[in-house]
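> Dropping the structure in here first, questions after.
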Amino acid sequence: MVIEKVIPILRIFDYKKAVEFYVDWLGFKINWEHTFDDNTPVYLEIEKDELVIHLSEHHGDGTPGTNLFIWCTGVEKFHKEIINKKYKYNKPGLEKTFYGSLAVKVIDPFHNQIIFNEKIDDTK
């Protein structure tokens with residue numbers, strides 16, 4: 001077996017709030033979305049750079065309060081971009097962690113937490 005990609009599924013409860021948070025504020029794009037009809041939950045895929053996440057309103061697809069830990073680069077620039085957007089529901093800090101990274105932790109409207117981490121080069 002060779003694992004090609006892991007795609008986490010996060011539970012959401014409100015499509016508009018999810019789009020406001022993930023697309024408008026964090027800068028993800030919607031790759032696709034699906035509903036069976038107008039009165040059924042939505043399931044969608046979002047992407048930012050190489051990070052792909054599925055968001056689902058379906059009961060049983062994920063648990064509110066899920067945590068995602070992501071290694072990446074450009075955390076300071078990303079932090080500045082989202083802070084400058086003045087999203088009124090979340091104002092994350094830029095934190096130096098005990099495990100040697102700069103981190104930005106955001107919590108979505110459904111209590112899912114995403115921590116974007118960049119390894120610090122202490123040799124500079």
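Chain labels follow the order of the structure tokens: the first chain is A, the next B, and so on; residue numbering restarts at 1 in every chain, and ligands are counted from 1 in their shown order.
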List as JSON, numbers by chain the protein and nucleic acid residues near Cys72 (chain A), meaning an atom at most 7 Å away when only C-alpha atoms are counted, but skip any in the same chain fewer than 4 places from it.

{"A": [116, 117, 118]}

> Export, as a compact mmCIF listing (two decimals), in the first residue's frame, the selected residues with N, CA and C atoms.


```txt
# COMPACT_ATOMS: atom_id res chain seq x y z
N PHE A 116 -1.70 26.18 12.13
CA PHE A 116 -0.72 26.28 11.05
C PHE A 116 0.65 26.51 11.71
N ASN A 117 1.62 25.62 11.44
CA ASN A 117 2.93 25.64 12.08
C ASN A 117 4.05 25.76 11.06
N GLU A 118 5.04 26.57 11.40
CA GLU A 118 6.25 26.68 10.59
C GLU A 118 7.45 26.43 11.49
```

> Compile the contact shell of region 82-95 of chain A as an MDAnalysis selection string: residues with an atom at most 7 Å away, counting only C-alpha atoms, same-chain residues fewer than 6 positions apart removed.

chainID A and resid 25:26 102:106

> Next, dump the selected residues to file, keeping only C-alpha atoms, as a PDB file, in the first residue's frame.


```pdb
ATOM      1  CA  TRP A  25     -11.203  34.879   5.642  1.00  0.00           C
ATOM      2  CA  LEU A  26      -8.647  32.065   5.360  1.00  0.00           C
ATOM      3  CA  LEU A 102       5.717  29.693  14.836  1.00  0.00           C
ATOM      4  CA  ALA A 103       2.029  28.902  15.010  1.00  0.00           C
ATOM      5  CA  VAL A 104      -1.284  30.480  14.108  1.00  0.00           C
ATOM      6  CA  LYS A 105      -4.301  28.767  15.662  1.00  0.00           C
ATOM      7  CA  VAL A 106      -7.767  29.439  14.252  1.00  0.00           C
TER       8      VAL A 106
END
```

> Can you tell me how far CA of Ser101 (chain A) sits from CA of Ile3 (chain A), in Å to one decimal?

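One can read the CA of Ser101 (chain A) to CA of Ile3 (chain A) distance as 26.3 Å.
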
> List every residue of region 63-120 of chain A that has an atom at most 9 Å from any atom of region 9-19 of chain A, and for each one report the closest atom pair and its distance in Å to one decimal, counting only C-alpha atoms, with rows sorted by chain and then by increasing residue number, as JSON lines.


```
{"residue": "A:Thr63", "atom": "CA", "partner": "A:Arg11", "partner_atom": "CA", "distance": 5.7}
{"residue": "A:Pro64", "atom": "CA", "partner": "A:Arg11", "partner_atom": "CA", "distance": 5.7}
{"residue": "A:Gly65", "atom": "CA", "partner": "A:Arg11", "partner_atom": "CA", "distance": 8.7}
{"residue": "A:Thr66", "atom": "CA", "partner": "A:Leu10", "partner_atom": "CA", "distance": 7.0}
{"residue": "A:Asp108", "atom": "CA", "partner": "A:Ala18", "partner_atom": "CA", "distance": 7.7}
{"residue": "A:Pro109", "atom": "CA", "partner": "A:Lys17", "partner_atom": "CA", "distance": 7.0}
{"residue": "A:Phe110", "atom": "CA", "partner": "A:Ile12", "partner_atom": "CA", "distance": 5.8}
{"residue": "A:Asn112", "atom": "CA", "partner": "A:Leu10", "partner_atom": "CA", "distance": 7.2}
```

> Please report, as a PyMOL selection string, each residue of region 2-118 of chain A to which DSSP assigns strand (DSSP E) when run on this structure's backbone.

chain A and resi 9-11+29-34+43-48+51-56+67-71+95-96+101-107+113-118

> Go through A:Ile107, A:Ile115, A:Val52, A:Val42 and flag the residue nearest Val75 (chain A), using only C-alpha atoms for the distances.

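Among the listed residues, the smallest separation from Val75 (chain A) belongs to A:Ile115.
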
> From a DSSP pass on the backbone, collect the residues of chain A flagged as helix (DSSP H, G or I) and hand them back as a PyMOL selection string.

chain A and resi 15-25+75-84

> What lies within 9 Å of Pro41 (chain A) using only C-alpha atoms, ignoring chain neighbours under 6 positions off, as a PyMOL selection string?

chain A and resi 13+15+34-35+56-59
